[in-house]
Structure formats: structure tokens, C-alpha cells
Amino acid sequence: MNEEVFDVTIIGGGPAGLYAAFYSGLRGMKTKIIEFQPFLGGKVHVYPEKMVWDVGGLLPTTGANLIDQLVEQGLTFSPTVHLGEKVESISKHQDGLFRIDTTNGHHVSKTIIVATGSGILKPHKVEVSGAERFELSNLHYTVKSLERFKGKRVLISGGGNSAVDWANALEPIAEQVVLTYRKEELGGHEAQVEKIKQSRVDCCPQSKVTDLISHDGRSIQQVLLTHVESGETNVIDVDEVVINHGYEQDTELLRHSDLQVEMKDGFYVKGNSVSESSVPGLYAAGDILTHEGKVHLIAGAFQDAANAVNRAKTYIDPNATATAMVSSHNERLKEKNRQLIEETMMKQ
Ligand SMILES: Cc1cc2nc3c(=O)[nH]c(=O)nc-3n(C[C@H](O)[C@H](O)[C@H](O)COP(=O)(O)OP(=O)(O)OC[C@H]3O[C@@H](n4cnc5c(N)ncnc54)[C@H](O)[C@@H]3O)c2cc1C
């Protein structure tokens, strides 16, 4: 049980949730983030090795670096963070407070910001019994850094965009890249598929991984591929195995809640351009929100988050200003600014 009442509880610790936490701290609100994954950063964990170019003010940077920056900024005002906790339902009680039921208990909040993005993403695992024991060594469900694969023999299983992108990215640096997929043709973007065809990548169409062979019990040394039609088998020597068989998406939260939150297409929170939902006190930000002016980018998630926080602030205190003072002149940052200036001077 968690009876402490928070001003704002943010569900989801992706870009929208993290920026909302920062902004909520800037507005002096008692803030909590609840995130299902054991880490913050949201969907950006799907593409940590990719370069992101379109976040305002940031020069091209990897997804991994973006996560670090988002998390550091999101924790500026030390919000309470619950990781590894799934929100299962939300309800609003007669006292006007929201109750948030999770896998670990329940929370109470004056307002809620739903920042659940595409829901909870879990990678589809390779269908080989006992495979999980290699996840600490050389079985990967994402490519966190290209460096790790330098000079290695890599097998990638999957025929979609990400698998094709990873094969193209690893081809110049790995010793060998084998790409195996069930269908006859690859399903990625045309230009990327063409690039694969012109490259050193060995394609094994209509094949699936049927065994991961280990001679030391700790890591995979060989992969058994089986042709889906002929049943013919092929053993490939490997140093690293990357699986990209898509993601299972759990988006049940609002459908499971008693609240009558108006939705669009059975998934999105049908909101407005200031992040309000049909339920007073409940706001949404990021990929889960839809409205006429919606920008489906991280940049758009930031705007949603600032709007959601501003609305939450005036919902709790109708006399509060509609927007926060800009950060450059915000009193909440005075002490932190003093520390930063001191640190800069020490370095000179
Ligand atoms: C391959 C790929 C590349 C992309 N490239 C770019 C790009 O270059 N530029 C750009 O601007 N955008 C890009 N995007 C889109 C961008 O990642 C999203 O717009 C952004 O992540 C949305 O942030 P969010 O916080 O709304 O949602 P998410 O990042 O999806 O985060 C939502 C979080 O909520 C958590 N959650 C969900 N349900 C629950 C629950 N019930 N209980 C607790 N926690 C829950 C999830 O675990 C997750 O951590 C890309 C997306 C993909 C897939």
C-alpha cells in the first residue's frame, strides 16, 4: 500500500514521461513516475545504436545517448521513481483522488499523466528451449552498440526493418553477417533491402533458428538453421546472435480501467492540443495521445508533456499561472545554477 498523495503521477518513463517529470518538478509539484521496465527511456531502447537527428537543440546523437540525457533531465528534481511496476488500472474516487493499481500495490494521486507510448513492449523470444541462459553472454534482442560486434561472426534472425538495418550497419565492421528469415523475401525498406543484396551479408531465406549450440554451456558457438519447406539443416559458426522477431505489445491499461477515458481506434487517448483527456485531472502525453495538432515525434512528446503538466498544475491550484516561468529565469533552478557556475569555474 502506498497512501502518500502525489500531485502528479506519470505512468510510463519514456521521453514523454521523463520530460513531464522534469517539467512537473520545475512547477514545484510532488511527482512520481511508474514504469513497467526495470529501466527508464521507453521505446528508445528499441534503437539505442541509431542516430537521432530531429530532437531540437541536440546534434545527431545515438538513441543510447539520448536516453542518458532524457533520464538525467527527467530526474533533475528527484521525482519518486518506481521501476519494474506495471499499472493495471486507474480509478477516480469520490474524494477526487485517483487510485492507481499496480502489480506491486496501489498509489494515490491528485492528477495523472498517461505517458504509456505504445504500451509495454516485450521482444518475441527465439523459440529454442533454454535459450534464455545465453542472454547474459551472446544472445541479443537489440543492438546496443555496434562496437561489440567488431570483427565478429554475427547471425541475425528476422526479416523486418530493424533486422535489415542492423545487418547493413554491422556488415562493414563485422567479420561476417548472416541474415536468416522465414519468408522468401526480406520485408524492410526497399533501399535498405537493395543495400543488403549488394553487400557481403549472407542471406538465408525461408529458414529459422531451430537450435543454439554451446560447447561450454555459457555461450552460443553454433546456430542450427532449418529450411521451413525442405527441412534441410545448416550449421553456422557464430560469435554473436541477434534476434529481431518483433515485439509483443501490452496496451490494456485504459481498457481495463473503470474510468471512461475517450479513446480513438481503441488505443489512443482522444485528447486535445493541451493534453487534456475526457476525464478531468487525467492528461496524456507522447505516442499514446492523439489530437489535431499532434506531432508524432519525441519533439511532440515534449510539448504534450509541458501542456499536461501546466494543466495538472491549474487543476490542483486554479490560481496558479497557466504556464511555468521559463527555465532561464526560474527560481526553482537558482541553487542548481549556482552549483553549475561553481563547477564550471572550478574546471577553468
Ligand atoms: C525504431 C524507431 C525509431 C524511432 N526514431 C525516432 C527519431 O529518430 N526521432 C523521433 O523523434 N522519434 C523516433 N521514434 C519515435 C519515438 O521513439 C517515440 O515517439 C517516443 O519514444 C514516444 O515516447 P513516449 O514516452 O510517448 O512512449 P514510449 O517511448 O513508448 O514510452 C512509454 C513507456 O511507458 C511504459 N508503460 C506502458 N504501459 C505501462 C503500464 N501499464 N505500466 C507502467 N509502464 C508502462 C513502457 O514500458 C515505456 O517505457 C522512433 C521509434 C522507433 C520504434
# chains A, B, ... in the order shown; residues from 1 in each chain; ligands from 1
$ select_by_dssp --residues "region 186-243 of chain A" --states "strand (DSSP E or B)" --output "PyMOL selection string"
chain A and resi 202-204+207-213+222-227+233-237+240-243
$ write_last_selection --atoms "N, CA, C and O atoms" --output "short mmCIF file (atom, residue, chain, number, x, y, z; two decimals), in the first residue's frame"
data_model
loop_
_atom_site.label_atom_id
_atom_site.label_comp_id
_atom_site.auth_asym_id
_atom_site.auth_seq_id
_atom_site.Cartn_x
_atom_site.Cartn_y
_atom_site.Cartn_z
N ASP A 202 25.35 -12.58 -45.92
CA ASP A 202 24.87 -13.88 -46.43
C ASP A 202 23.40 -14.02 -46.04
O ASP A 202 23.09 -14.09 -44.85
N CYS A 203 22.52 -14.09 -47.03
CA CYS A 203 21.10 -14.23 -46.72
C CYS A 203 20.68 -15.69 -46.73
O CYS A 203 21.03 -16.43 -47.65
N CYS A 204 19.94 -16.11 -45.72
CA CYS A 204 19.39 -17.47 -45.66
C CYS A 204 17.87 -17.35 -45.60
O CYS A 204 17.28 -17.37 -44.50
N SER A 207 14.32 -19.78 -43.74
CA SER A 207 15.00 -20.59 -42.72
C SER A 207 14.67 -20.07 -41.34
O SER A 207 14.39 -18.89 -41.18
N LYS A 208 14.75 -20.95 -40.36
CA LYS A 208 14.54 -20.47 -38.98
C LYS A 208 15.56 -21.11 -38.05
O LYS A 208 16.11 -22.20 -38.35
N VAL A 209 15.79 -20.41 -36.95
CA VAL A 209 16.74 -20.92 -35.95
C VAL A 209 16.05 -22.05 -35.19
O VAL A 209 15.00 -21.84 -34.58
N THR A 210 16.63 -23.26 -35.24
CA THR A 210 15.99 -24.36 -34.52
C THR A 210 16.84 -24.87 -33.35
O THR A 210 16.35 -25.63 -32.53
N ASP A 211 18.10 -24.45 -33.30
CA ASP A 211 18.90 -24.81 -32.11
C ASP A 211 20.05 -23.83 -31.94
O ASP A 211 20.55 -23.26 -32.92
N LEU A 212 20.41 -23.62 -30.68
CA LEU A 212 21.57 -22.79 -30.35
C LEU A 212 22.55 -23.75 -29.69
O LEU A 212 22.25 -24.34 -28.65
N ILE A 213 23.70 -23.94 -30.33
CA ILE A 213 24.63 -24.99 -29.87
C ILE A 213 25.76 -24.35 -29.08
O ILE A 213 26.41 -23.40 -29.54
N GLN A 222 27.46 -22.20 -32.18
CA GLN A 222 26.90 -22.53 -33.50
C GLN A 222 25.38 -22.39 -33.45
O GLN A 222 24.75 -22.55 -32.39
N VAL A 223 24.83 -22.09 -34.63
CA VAL A 223 23.37 -22.00 -34.73
C VAL A 223 22.90 -23.00 -35.78
O VAL A 223 23.49 -23.08 -36.87
N LEU A 224 21.86 -23.73 -35.44
CA LEU A 224 21.29 -24.67 -36.40
C LEU A 224 20.12 -23.99 -37.11
O LEU A 224 19.16 -23.56 -36.47
N LEU A 225 20.23 -23.88 -38.44
CA LEU A 225 19.14 -23.31 -39.23
C LEU A 225 18.41 -24.44 -39.94
O LEU A 225 19.06 -25.36 -40.46
N THR A 226 17.09 -24.34 -39.99
CA THR A 226 16.31 -25.37 -40.70
C THR A 226 15.47 -24.69 -41.76
O THR A 226 14.78 -23.69 -41.47
N HIS A 227 15.52 -25.22 -42.97
CA HIS A 227 14.72 -24.67 -44.07
C HIS A 227 13.25 -24.96 -43.79
O HIS A 227 12.89 -26.10 -43.46
N THR A 233 18.97 -28.87 -43.04
CA THR A 233 19.60 -28.10 -41.95
C THR A 233 20.98 -27.60 -42.34
O THR A 233 21.62 -28.14 -43.25
N ASN A 234 21.40 -26.57 -41.61
CA ASN A 234 22.67 -25.91 -41.92
C ASN A 234 23.24 -25.41 -40.59
O ASN A 234 22.53 -24.75 -39.84
N VAL A 235 24.48 -25.74 -40.29
CA VAL A 235 25.08 -25.27 -39.03
C VAL A 235 26.01 -24.09 -39.33
O VAL A 235 26.87 -24.17 -40.20
N ILE A 236 25.79 -22.97 -38.61
CA ILE A 236 26.58 -21.76 -38.84
C ILE A 236 27.43 -21.47 -37.60
O ILE A 236 26.90 -21.45 -36.49
N ASP A 237 28.72 -21.25 -37.79
CA ASP A 237 29.58 -20.86 -36.67
C ASP A 237 29.35 -19.39 -36.35
O ASP A 237 29.33 -18.55 -37.27
N GLU A 240 28.22 -14.03 -32.19
CA GLU A 240 27.10 -13.29 -31.60
C GLU A 240 25.82 -13.62 -32.36
O GLU A 240 25.86 -13.79 -33.59
N VAL A 241 24.71 -13.68 -31.63
CA VAL A 241 23.40 -13.95 -32.26
C VAL A 241 22.44 -12.82 -31.89
O VAL A 241 22.32 -12.46 -30.72
N VAL A 242 21.80 -12.25 -32.92
CA VAL A 242 20.85 -11.16 -32.68
C VAL A 242 19.48 -11.60 -33.20
O VAL A 242 19.36 -12.01 -34.35
N ILE A 243 18.49 -11.51 -32.33
CA ILE A 243 17.13 -11.93 -32.72
C ILE A 243 16.24 -10.69 -32.83
O ILE A 243 16.17 -9.88 -31.90
#
$ residues_near_ligand --ligand "ligand 1" --cutoff "8 Å" --atoms "only C-alpha atoms and all ligand atoms" --output "MDAnalysis selection string"
chainID A and resid 11:18 34:37 39:44 46:47 50:55 84:89 102 115:121 162 250:253 285:289 296:301
$ write_last_selection --atoms "C-alpha atoms" --output "PDB file, in the first residue's frame"
ATOM      1  CA  ILE A  11       2.605   6.405 -15.974  1.00  0.00           C
ATOM      2  CA  GLY A  12       5.471   5.489 -18.306  1.00  0.00           C
ATOM      3  CA  GLY A  13       9.123   6.514 -18.162  1.00  0.00           C
ATOM      4  CA  GLY A  14       9.777   7.143 -21.870  1.00  0.00           C
ATOM      5  CA  PRO A  15      10.617  10.533 -23.425  1.00  0.00           C
ATOM      6  CA  ALA A  16       7.140  11.952 -22.666  1.00  0.00           C
ATOM      7  CA  GLY A  17       7.093  10.732 -19.068  1.00  0.00           C
ATOM      8  CA  LEU A  18      10.637  11.866 -18.363  1.00  0.00           C
ATOM      9  CA  ILE A  34       5.750   4.426 -12.534  1.00  0.00           C
ATOM     10  CA  GLU A  35       7.458   2.365 -15.242  1.00  0.00           C
ATOM     11  CA  PHE A  36       6.992  -1.300 -16.070  1.00  0.00           C
ATOM     12  CA  GLN A  37      10.501  -1.906 -17.359  1.00  0.00           C
ATOM     13  CA  PHE A  39      14.861   0.944 -16.655  1.00  0.00           C
ATOM     14  CA  LEU A  40      13.774   4.388 -17.886  1.00  0.00           C
ATOM     15  CA  GLY A  41      13.925   5.570 -21.509  1.00  0.00           C
ATOM     16  CA  GLY A  42      10.893   3.920 -23.120  1.00  0.00           C
ATOM     17  CA  LYS A  43      10.875   2.844 -26.742  1.00  0.00           C
ATOM     18  CA  VAL A  44      14.208   4.482 -27.462  1.00  0.00           C
ATOM     19  CA  VAL A  46      14.496  -0.389 -29.322  1.00  0.00           C
ATOM     20  CA  TYR A  47      17.044   1.673 -31.288  1.00  0.00           C
ATOM     21  CA  LYS A  50      20.664   4.545 -34.226  1.00  0.00           C
ATOM     22  CA  MET A  51      21.465   8.202 -34.811  1.00  0.00           C
ATOM     23  CA  VAL A  52      18.634  10.555 -33.855  1.00  0.00           C
ATOM     24  CA  TRP A  53      18.699  13.893 -35.679  1.00  0.00           C
ATOM     25  CA  ASP A  54      15.363  15.524 -35.034  1.00  0.00           C
ATOM     26  CA  VAL A  55      15.350  16.446 -31.368  1.00  0.00           C
ATOM     27  CA  GLY A  84       9.512  -2.828 -12.683  1.00  0.00           C
ATOM     28  CA  GLU A  85       5.918  -1.989 -11.785  1.00  0.00           C
ATOM     29  CA  LYS A  86       3.027  -2.372 -14.202  1.00  0.00           C
ATOM     30  CA  VAL A  87       0.000  -0.116 -13.818  1.00  0.00           C
ATOM     31  CA  GLU A  88      -3.029  -2.350 -14.232  1.00  0.00           C
ATOM     32  CA  SER A  89      -5.917   0.048 -13.695  1.00  0.00           C
ATOM     33  CA  THR A 102      -0.244  -1.846  -9.995  1.00  0.00           C
ATOM     34  CA  ALA A 115       2.625   8.544 -20.989  1.00  0.00           C
ATOM     35  CA  THR A 116       2.436   4.893 -21.919  1.00  0.00           C
ATOM     36  CA  GLY A 117       3.524   5.292 -25.552  1.00  0.00           C
ATOM     37  CA  SER A 118       2.963   2.097 -27.488  1.00  0.00           C
ATOM     38  CA  GLY A 119       2.293   0.215 -24.284  1.00  0.00           C
ATOM     39  CA  ILE A 120       4.586  -2.340 -22.756  1.00  0.00           C
ATOM     40  CA  LEU A 121       6.937  -3.790 -25.338  1.00  0.00           C
ATOM     41  CA  SER A 162      15.232  -3.471 -37.770  1.00  0.00           C
ATOM     42  CA  ASP A 250       0.517  -4.834 -23.979  1.00  0.00           C
ATOM     43  CA  THR A 251      -1.836  -1.845 -24.314  1.00  0.00           C
ATOM     44  CA  GLU A 252      -4.612  -2.969 -21.993  1.00  0.00           C
ATOM     45  CA  LEU A 253      -4.287  -0.311 -19.279  1.00  0.00           C
ATOM     46  CA  ALA A 285       1.461  12.917 -23.448  1.00  0.00           C
ATOM     47  CA  GLY A 286       3.560  11.337 -26.174  1.00  0.00           C
ATOM     48  CA  ASP A 287       2.667   8.494 -28.513  1.00  0.00           C
ATOM     49  CA  ILE A 288      -0.470   7.497 -26.593  1.00  0.00           C
ATOM     50  CA  LEU A 289      -2.112  10.888 -27.205  1.00  0.00           C
ATOM     51  CA  HIS A 296       4.356  12.030 -33.587  1.00  0.00           C
ATOM     52  CA  LEU A 297       7.963  12.682 -32.660  1.00  0.00           C
ATOM     53  CA  ILE A 298       9.929  12.987 -29.454  1.00  0.00           C
ATOM     54  CA  ALA A 299       9.747  16.761 -30.022  1.00  0.00           C
ATOM     55  CA  GLY A 300       5.936  16.499 -29.991  1.00  0.00           C
ATOM     56  CA  ALA A 301       6.036  14.405 -26.789  1.00  0.00           C
TER      57      ALA A 301
END
$ atom_distance --atom1 "CA of Val108 (chain A)" --atom2 "CA of Lys30 (chain A)"
11.9 Å
$ atom_distance --atom1 "CA of Gly159 (chain A)" --atom2 "CA of Ile196 (chain A)"
11.6 Å
$ residues_around --residues "region 133-147 of chain A" --least-positions-apart "5" --cutoff "12 Å" --atoms "only C-alpha atoms" --output "number ranges by chain"
A: 43-51, 62-65, 67, 122-126, 128, 152-158, 162-163, 165-174, 212-214, 216-223, 238-247
$ closest_residue --among "A:Leu340, A:Asp7, A:Leu83, A:Asn272" --to "Arg27 (chain A)" --atoms "only C-alpha atoms"
A:Asp7
$ select_by_dssp --residues "region 67-195 of chain A" --states "helix (DSSP H, G or I)" --output "NGL selection string"
:A and (67-74 or 131-134 or 146-149 or 161-170 or 190-195)
$ write_last_selection --atoms "C-alpha atoms" --output "compact mmCIF listing (two decimals), in the first residue's frame"
# COMPACT_ATOMS: atom_id res chain seq x y z
CA ILE A 67 18.25 8.02 -23.16
CA ASP A 68 21.05 9.10 -20.82
CA GLN A 69 20.24 12.77 -21.40
CA LEU A 70 16.48 12.27 -21.06
CA VAL A 71 16.89 10.34 -17.83
CA GLU A 72 19.29 12.85 -16.29
CA GLN A 73 16.97 15.72 -17.16
CA GLY A 74 13.88 13.80 -16.00
CA ALA A 131 17.83 -20.02 -24.91
CA GLU A 132 17.44 -17.53 -22.03
CA ARG A 133 20.67 -18.76 -20.42
CA PHE A 134 22.62 -17.15 -23.27
CA LEU A 146 27.93 -1.58 -32.92
CA GLU A 147 31.39 -1.72 -31.32
CA ARG A 148 30.62 -5.01 -29.58
CA PHE A 149 30.26 -6.77 -32.95
CA ASN A 161 13.13 -3.22 -40.91
CA SER A 162 15.23 -3.47 -37.77
CA ALA A 163 16.89 -6.77 -38.73
CA VAL A 164 17.70 -5.38 -42.19
CA ASP A 165 19.03 -2.12 -40.70
CA TRP A 166 21.20 -3.99 -38.21
CA ALA A 167 22.61 -6.24 -40.95
CA ASN A 168 23.52 -3.17 -43.02
CA ALA A 169 25.04 -1.40 -40.04
CA LEU A 170 27.11 -4.42 -38.96
CA GLU A 190 13.32 -1.14 -50.36
CA ALA A 191 16.55 0.87 -50.39
CA GLN A 192 17.87 -0.99 -47.34
CA VAL A 193 16.97 -4.38 -48.83
CA GLU A 194 18.78 -3.41 -52.05
CA LYS A 195 21.82 -2.44 -49.98
$ closest_residue --among "A:Gly130, A:Gly25, A:Gly293, A:Gly281" --to "Phe77 (chain A)" --atoms "only C-alpha atoms"
A:Gly25
$ closest_residue --among "A:Ser109, A:Ser230, A:Ser199, A:Thr61" --to "Lys32 (chain A)" --atoms "only C-alpha atoms"
A:Ser109
$ residues_around --residues "Lys313 (chain A)" --least-positions-apart "3" --cutoff "9 Å" --atoms "only C-alpha atoms" --output "list in words"
Asp7, Val8, Ser24, Arg27, Met29, Thr111, Ala308, Val309, Asn310, Ile316, Asp317, Pro318, Ala320, Thr321, Ala322 and Thr323 of chain A
$ decode --residues "region 113-132 of chain A" --atoms "N, CA, C and O atoms" --output "PDB file, in the first residue's frame"
ATOM      1  N   ILE A 113      -0.699  11.702 -15.427  1.00  0.00           N
ATOM      2  CA  ILE A 113      -0.302  11.891 -16.831  1.00  0.00           C
ATOM      3  C   ILE A 113      -0.020  10.505 -17.403  1.00  0.00           C
ATOM      4  O   ILE A 113       0.878   9.794 -16.936  1.00  0.00           O
ATOM      5  N   VAL A 114      -0.829  10.130 -18.375  1.00  0.00           N
ATOM      6  CA  VAL A 114      -0.630   8.828 -19.024  1.00  0.00           C
ATOM      7  C   VAL A 114       0.396   9.034 -20.139  1.00  0.00           C
ATOM      8  O   VAL A 114       0.161   9.788 -21.083  1.00  0.00           O
ATOM      9  N   ALA A 115       1.549   8.402 -19.986  1.00  0.00           N
ATOM     10  CA  ALA A 115       2.625   8.544 -20.989  1.00  0.00           C
ATOM     11  C   ALA A 115       3.109   7.141 -21.372  1.00  0.00           C
ATOM     12  O   ALA A 115       4.296   6.838 -21.326  1.00  0.00           O
ATOM     13  N   THR A 116       2.136   6.314 -21.725  1.00  0.00           N
ATOM     14  CA  THR A 116       2.436   4.893 -21.919  1.00  0.00           C
ATOM     15  C   THR A 116       2.850   4.537 -23.344  1.00  0.00           C
ATOM     16  O   THR A 116       3.070   3.363 -23.644  1.00  0.00           O
ATOM     17  N   GLY A 117       2.991   5.537 -24.207  1.00  0.00           N
ATOM     18  CA  GLY A 117       3.524   5.292 -25.552  1.00  0.00           C
ATOM     19  C   GLY A 117       2.804   4.187 -26.280  1.00  0.00           C
ATOM     20  O   GLY A 117       1.571   4.181 -26.395  1.00  0.00           O
ATOM     21  N   SER A 118       3.569   3.224 -26.762  1.00  0.00           N
ATOM     22  CA  SER A 118       2.963   2.097 -27.488  1.00  0.00           C
ATOM     23  C   SER A 118       2.633   0.964 -26.541  1.00  0.00           C
ATOM     24  O   SER A 118       2.502  -0.186 -26.970  1.00  0.00           O
ATOM     25  N   GLY A 119       2.564   1.261 -25.264  1.00  0.00           N
ATOM     26  CA  GLY A 119       2.293   0.215 -24.284  1.00  0.00           C
ATOM     27  C   GLY A 119       3.582  -0.465 -23.863  1.00  0.00           C
ATOM     28  O   GLY A 119       4.671   0.042 -24.097  1.00  0.00           O
ATOM     29  N   ILE A 120       3.409  -1.600 -23.236  1.00  0.00           N
ATOM     30  CA  ILE A 120       4.586  -2.340 -22.756  1.00  0.00           C
ATOM     31  C   ILE A 120       5.096  -3.214 -23.887  1.00  0.00           C
ATOM     32  O   ILE A 120       4.344  -4.022 -24.446  1.00  0.00           O
ATOM     33  N   LEU A 121       6.355  -3.025 -24.234  1.00  0.00           N
ATOM     34  CA  LEU A 121       6.937  -3.790 -25.338  1.00  0.00           C
ATOM     35  C   LEU A 121       7.831  -4.898 -24.781  1.00  0.00           C
ATOM     36  O   LEU A 121       8.714  -4.642 -23.969  1.00  0.00           O
ATOM     37  N   LYS A 122       7.579  -6.114 -25.260  1.00  0.00           N
ATOM     38  CA  LYS A 122       8.471  -7.221 -24.869  1.00  0.00           C
ATOM     39  C   LYS A 122       8.888  -7.924 -26.151  1.00  0.00           C
ATOM     40  O   LYS A 122       8.022  -8.301 -26.957  1.00  0.00           O
ATOM     41  N   PRO A 123      10.188  -8.118 -26.364  1.00  0.00           N
ATOM     42  CA  PRO A 123      10.603  -8.766 -27.618  1.00  0.00           C
ATOM     43  C   PRO A 123      10.122 -10.219 -27.679  1.00  0.00           C
ATOM     44  O   PRO A 123      10.120 -10.912 -26.662  1.00  0.00           O
ATOM     45  N   HIS A 124       9.684 -10.627 -28.864  1.00  0.00           N
ATOM     46  CA  HIS A 124       9.365 -12.052 -29.052  1.00  0.00           C
ATOM     47  C   HIS A 124      10.678 -12.822 -28.971  1.00  0.00           C
ATOM     48  O   HIS A 124      11.625 -12.530 -29.704  1.00  0.00           O
ATOM     49  N   LYS A 125      10.707 -13.790 -28.080  1.00  0.00           N
ATOM     50  CA  LYS A 125      11.950 -14.543 -27.856  1.00  0.00           C
ATOM     51  C   LYS A 125      12.122 -15.631 -28.905  1.00  0.00           C
ATOM     52  O   LYS A 125      11.149 -16.089 -29.500  1.00  0.00           O
ATOM     53  N   VAL A 126      13.370 -16.054 -29.084  1.00  0.00           N
ATOM     54  CA  VAL A 126      13.638 -17.135 -30.030  1.00  0.00           C
ATOM     55  C   VAL A 126      13.044 -18.428 -29.454  1.00  0.00           C
ATOM     56  O   VAL A 126      13.117 -18.682 -28.249  1.00  0.00           O
ATOM     57  N   GLU A 127      12.431 -19.219 -30.342  1.00  0.00           N
ATOM     58  CA  GLU A 127      11.731 -20.415 -29.846  1.00  0.00           C
ATOM     59  C   GLU A 127      12.668 -21.615 -29.754  1.00  0.00           C
ATOM     60  O   GLU A 127      12.559 -22.599 -30.501  1.00  0.00           O
ATOM     61  N   VAL A 128      13.626 -21.516 -28.866  1.00  0.00           N
ATOM     62  CA  VAL A 128      14.561 -22.630 -28.638  1.00  0.00           C
ATOM     63  C   VAL A 128      14.621 -22.820 -27.127  1.00  0.00           C
ATOM     64  O   VAL A 128      14.886 -21.850 -26.401  1.00  0.00           O
ATOM     65  N   SER A 129      14.363 -24.038 -26.678  1.00  0.00           N
ATOM     66  CA  SER A 129      14.275 -24.196 -25.222  1.00  0.00           C
ATOM     67  C   SER A 129      15.638 -23.952 -24.565  1.00  0.00           C
ATOM     68  O   SER A 129      16.678 -24.350 -25.084  1.00  0.00           O
ATOM     69  N   GLY A 130      15.609 -23.264 -23.440  1.00  0.00           N
ATOM     70  CA  GLY A 130      16.834 -22.958 -22.678  1.00  0.00           C
ATOM     71  C   GLY A 130      17.625 -21.776 -23.228  1.00  0.00           C
ATOM     72  O   GLY A 130      18.695 -21.438 -22.715  1.00  0.00           O
ATOM     73  N   ALA A 131      17.080 -21.118 -24.260  1.00  0.00           N
ATOM     74  CA  ALA A 131      17.828 -20.018 -24.907  1.00  0.00           C
ATOM     75  C   ALA A 131      18.146 -18.887 -23.934  1.00  0.00           C
ATOM     76  O   ALA A 131      19.173 -18.228 -24.051  1.00  0.00           O
ATOM     77  N   GLU A 132      17.262 -18.686 -22.931  1.00  0.00           N
ATOM     78  CA  GLU A 132      17.439 -17.528 -22.034  1.00  0.00           C
ATOM     79  C   GLU A 132      18.774 -17.542 -21.308  1.00  0.00           C
ATOM     80  O   GLU A 132      19.294 -16.500 -20.930  1.00  0.00           O
TER      81      GLU A 132
END
